[in-house]
Amino acid sequence: MSIFIFVFGLLMGSFYNVVGLRLLKNESIVKPRSHCPKCKYQLKWYENIPVFSFLFLKGKCKNCNINISFMYISIEILTGVLFLISFHLFGITEQFFISLVISSLVVLIFITDSKEMIILDEVLITGGILIFIIKLIYGGIISALSSIFYGFVVFLFVYGIMLFGNFIFKKESMGGGDIKLSFISGMILGIPLGIFYLVLASFLAFPYAVYISFKNKEGILPFGPFLAISLFLTYANYDFILNILKNLFLMN
């Protein structure tokens, strides 16, 4: 089962490469078939096998010999690893399927936000719908509707932080995609951890923010990948983090 889940993750990672890069260009994710971005050579089926084709082709296009971006194989492996971690953490349960959605968000947001500093609405809408369906199937209509309520609360909280940041820094402090992602995070994590994940993301992003502030005068930071990683880490350690927060609250 572990091998199956990992291979499935590799396949989905290959698909996410297509989805992320093509949606950024407003291209169809169905047609044309996978091809070299330079010479448009359409890949044969055996040239489109995740990881193995990259190694077999030695990271180059068979037709024009251009280097294939290492991002492709990295995304495939990352997706496979995240899917495998999800399986070992939760087994085949509701939490597993939610974790697969989170893993997919991590990968797709990394592709689009790191490349063009944008989180696509199509990705967020699809993720929100899938979370709602999973909640509906496993917990019923009350659980599904409650997740939407929690999503709105966390969304409004993060939106308020954005307005405050805009006022303090006199410029846009968070992107619209980051705010929308908070809605899905609220659906998944609930109110306490939906706020905690934002704090954790800020700590994760801090070293890179310091680095980029020296390198780039504008200091523009793609915050989406850090939010997505924080969402995965928080959900993976949900009970542990929630118990810590409860103990801190009781101590105060």
# chains A, B, ... in the order shown; residues from 1 in each chain; ligands from 1
>>> residues_around(residues="A:Leu11", least_positions_apart="4", cutoff="10 Å", atoms="only C-alpha atoms", output="list in words")
Ile5, Phe6, Val7, Phe15, Tyr16, Asn48, Ile49, Pro50, Val51, Glu76, Ile77, Thr79 and Gly80 of chain A
>>> write_last_selection(atoms="N, CA, C and O atoms", output="CSV table (one decimal), in the first residue's frame")
chain,number,residue,atom,x,y,z
A,5,ILE,N,0.7,4.2,-2.8
A,5,ILE,CA,0.4,5.6,-2.4
A,5,ILE,C,1.5,6.5,-2.9
A,5,ILE,O,1.3,7.6,-3.5
A,6,PHE,N,2.8,6.0,-2.8
A,6,PHE,CA,3.9,6.8,-3.3
A,6,PHE,C,3.9,7.0,-4.8
A,6,PHE,O,4.1,8.1,-5.3
A,7,VAL,N,3.7,5.9,-5.5
A,7,VAL,CA,3.6,6.0,-7.0
A,7,VAL,C,2.4,6.9,-7.4
A,7,VAL,O,2.6,7.7,-8.4
A,15,PHE,N,1.1,15.4,-12.9
A,15,PHE,CA,-0.1,16.1,-13.3
A,15,PHE,C,-0.1,17.6,-12.8
A,15,PHE,O,-0.5,18.5,-13.5
A,16,TYR,N,0.3,17.8,-11.5
A,16,TYR,CA,0.3,19.1,-10.9
A,16,TYR,C,1.2,20.0,-11.6
A,16,TYR,O,1.0,21.2,-11.7
A,48,ASN,N,7.3,10.1,-20.5
A,48,ASN,CA,6.4,10.9,-19.6
A,48,ASN,C,6.2,10.2,-18.3
A,48,ASN,O,5.2,10.5,-17.6
A,49,ILE,N,7.0,9.2,-17.9
A,49,ILE,CA,6.9,8.5,-16.7
A,49,ILE,C,7.6,9.3,-15.6
A,49,ILE,O,8.8,9.7,-15.7
A,50,PRO,N,6.9,9.6,-14.5
A,50,PRO,CA,7.5,10.4,-13.4
A,50,PRO,C,8.8,9.9,-12.9
A,50,PRO,O,9.0,8.7,-12.8
A,51,VAL,N,9.7,10.8,-12.7
A,51,VAL,CA,11.1,10.5,-12.2
A,51,VAL,C,11.9,9.7,-13.2
A,51,VAL,O,13.0,10.1,-13.6
A,76,GLU,N,7.4,16.1,-8.5
A,76,GLU,CA,6.9,14.7,-8.5
A,76,GLU,C,7.3,14.0,-7.2
A,76,GLU,O,6.5,13.4,-6.5
A,77,ILE,N,8.6,14.1,-6.8
A,77,ILE,CA,9.1,13.5,-5.6
A,77,ILE,C,8.4,14.1,-4.3
A,77,ILE,O,8.0,13.4,-3.4
A,79,THR,N,5.5,15.5,-4.1
A,79,THR,CA,4.1,15.0,-4.0
A,79,THR,C,4.0,13.6,-3.5
A,79,THR,O,3.2,13.3,-2.6
A,80,GLY,N,4.9,12.7,-4.0
A,80,GLY,CA,4.9,11.4,-3.6
A,80,GLY,C,5.3,11.2,-2.1
A,80,GLY,O,4.6,10.5,-1.4
>>> closest_residue(among="A:Met12, A:Ile134, A:Leu21, A:Leu227", to="A:Lys115", atoms="only C-alpha atoms")
A:Leu21
>>> residues_around(residues="stretch 190-197 of chain A", least_positions_apart="6", cutoff="8 Å", atoms="only C-alpha atoms", output="PyMOL selection string")
chain A and resi 147+150-151+153-154+157+182+227+230-231+234+238+241-242
>>> residues_around(residues="A:Ala205", least_positions_apart="5", cutoff="9 Å", atoms="only C-alpha atoms", output="list in words")
Leu200, Val210, Leu221, Phe223, Phe226 and Leu227 of chain A
>>> write_last_selection(atoms="N, CA, C and O atoms", output="PDB file, in the first residue's frame")
ATOM      1  N   LEU A 200       2.784  30.314  12.699  1.00  0.00           N
ATOM      2  CA  LEU A 200       3.843  29.377  12.329  1.00  0.00           C
ATOM      3  C   LEU A 200       4.415  29.722  10.956  1.00  0.00           C
ATOM      4  O   LEU A 200       5.636  29.684  10.759  1.00  0.00           O
ATOM      5  N   VAL A 210      14.250  37.950   5.772  1.00  0.00           N
ATOM      6  CA  VAL A 210      15.443  38.734   6.087  1.00  0.00           C
ATOM      7  C   VAL A 210      16.407  38.706   4.918  1.00  0.00           C
ATOM      8  O   VAL A 210      16.957  39.740   4.509  1.00  0.00           O
ATOM      9  N   LEU A 221       7.946  39.059  -0.832  1.00  0.00           N
ATOM     10  CA  LEU A 221       8.089  37.673  -0.383  1.00  0.00           C
ATOM     11  C   LEU A 221       6.892  36.846  -0.841  1.00  0.00           C
ATOM     12  O   LEU A 221       5.753  37.211  -0.555  1.00  0.00           O
ATOM     13  N   PHE A 223       4.560  34.502   0.064  1.00  0.00           N
ATOM     14  CA  PHE A 223       4.193  33.963   1.377  1.00  0.00           C
ATOM     15  C   PHE A 223       3.385  32.677   1.265  1.00  0.00           C
ATOM     16  O   PHE A 223       3.326  31.886   2.206  1.00  0.00           O
ATOM     17  N   PHE A 226       4.919  29.205   2.279  1.00  0.00           N
ATOM     18  CA  PHE A 226       5.113  29.069   3.723  1.00  0.00           C
ATOM     19  C   PHE A 226       3.777  28.820   4.432  1.00  0.00           C
ATOM     20  O   PHE A 226       3.711  28.053   5.393  1.00  0.00           O
ATOM     21  N   LEU A 227       2.716  29.467   3.939  1.00  0.00           N
ATOM     22  CA  LEU A 227       1.387  29.219   4.498  1.00  0.00           C
ATOM     23  C   LEU A 227       0.963  27.775   4.247  1.00  0.00           C
ATOM     24  O   LEU A 227       0.416  27.116   5.137  1.00  0.00           O
TER      25      LEU A 227
END
>>> residues_around(residues="A:Met1", least_positions_apart="6", cutoff="12 Å", atoms="only C-alpha atoms", output="list in words")
Val7, Phe8, Phe83, Leu84, Phe87, His88, Gly91 and Ile92 of chain A
>>> write_last_selection(atoms="C-alpha atoms", output="mmCIF file, in the first residue's frame")
data_model
loop_
_atom_site.group_PDB
_atom_site.id
_atom_site.type_symbol
_atom_site.label_atom_id
_atom_site.label_comp_id
_atom_site.auth_asym_id
_atom_site.auth_seq_id
_atom_site.Cartn_x
_atom_site.Cartn_y
_atom_site.Cartn_z
ATOM 1 C CA VAL A 7 3.595 5.981 -6.970
ATOM 2 C CA PHE A 8 0.155 7.593 -7.021
ATOM 3 C CA PHE A 83 1.169 11.511 0.065
ATOM 4 C CA LEU A 84 3.233 8.772 1.722
ATOM 5 C CA PHE A 87 -0.810 7.627 4.660
ATOM 6 C CA HIS A 88 1.581 6.715 7.467
ATOM 7 C CA GLY A 91 -4.110 5.453 7.338
ATOM 8 C CA ILE A 92 -7.130 5.376 4.994
#
>>> select_by_dssp(residues="stretch 110-223 of chain A", states="helix (DSSP H, G or I)", output="count of residues only")
96
>>> closest_residue(among="A:Ser69, A:Ser28, A:Thr126, A:Ser213", to="A:Leu105", atoms="only C-alpha atoms")
A:Thr126
>>> atom_distance(atom1="atom CA of A:Met174", atom2="atom CA of A:Ile229")
16.7 Å
>>> closest_residue(among="A:Pro207, A:Gly9, A:Pro225, A:Gly186", to="A:Gly128", atoms="only C-alpha atoms")
A:Gly186
>>> atom_distance(atom1="atom CA of A:Ile179", atom2="atom CA of A:Phe96")
24.8 Å
>>> residues_around(residues="A:Gly20", least_positions_apart="3", cutoff="10 Å", atoms="only C-alpha atoms", output="ChimeraX atom specification")
/A:15-17,23-25,29,107-113,115,119-120,123
>>> atom_distance(atom1="atom CA of A:Gly13", atom2="atom CA of A:Leu78")
7.5 Å
>>> residues_around(residues="A:Leu124", least_positions_apart="2", cutoff="12 Å", atoms="only C-alpha atoms", output="VMD selection string")
chain A and resid 101 to 102 104 to 106 108 to 109 118 to 122 126 to 131 176 to 185 224 228
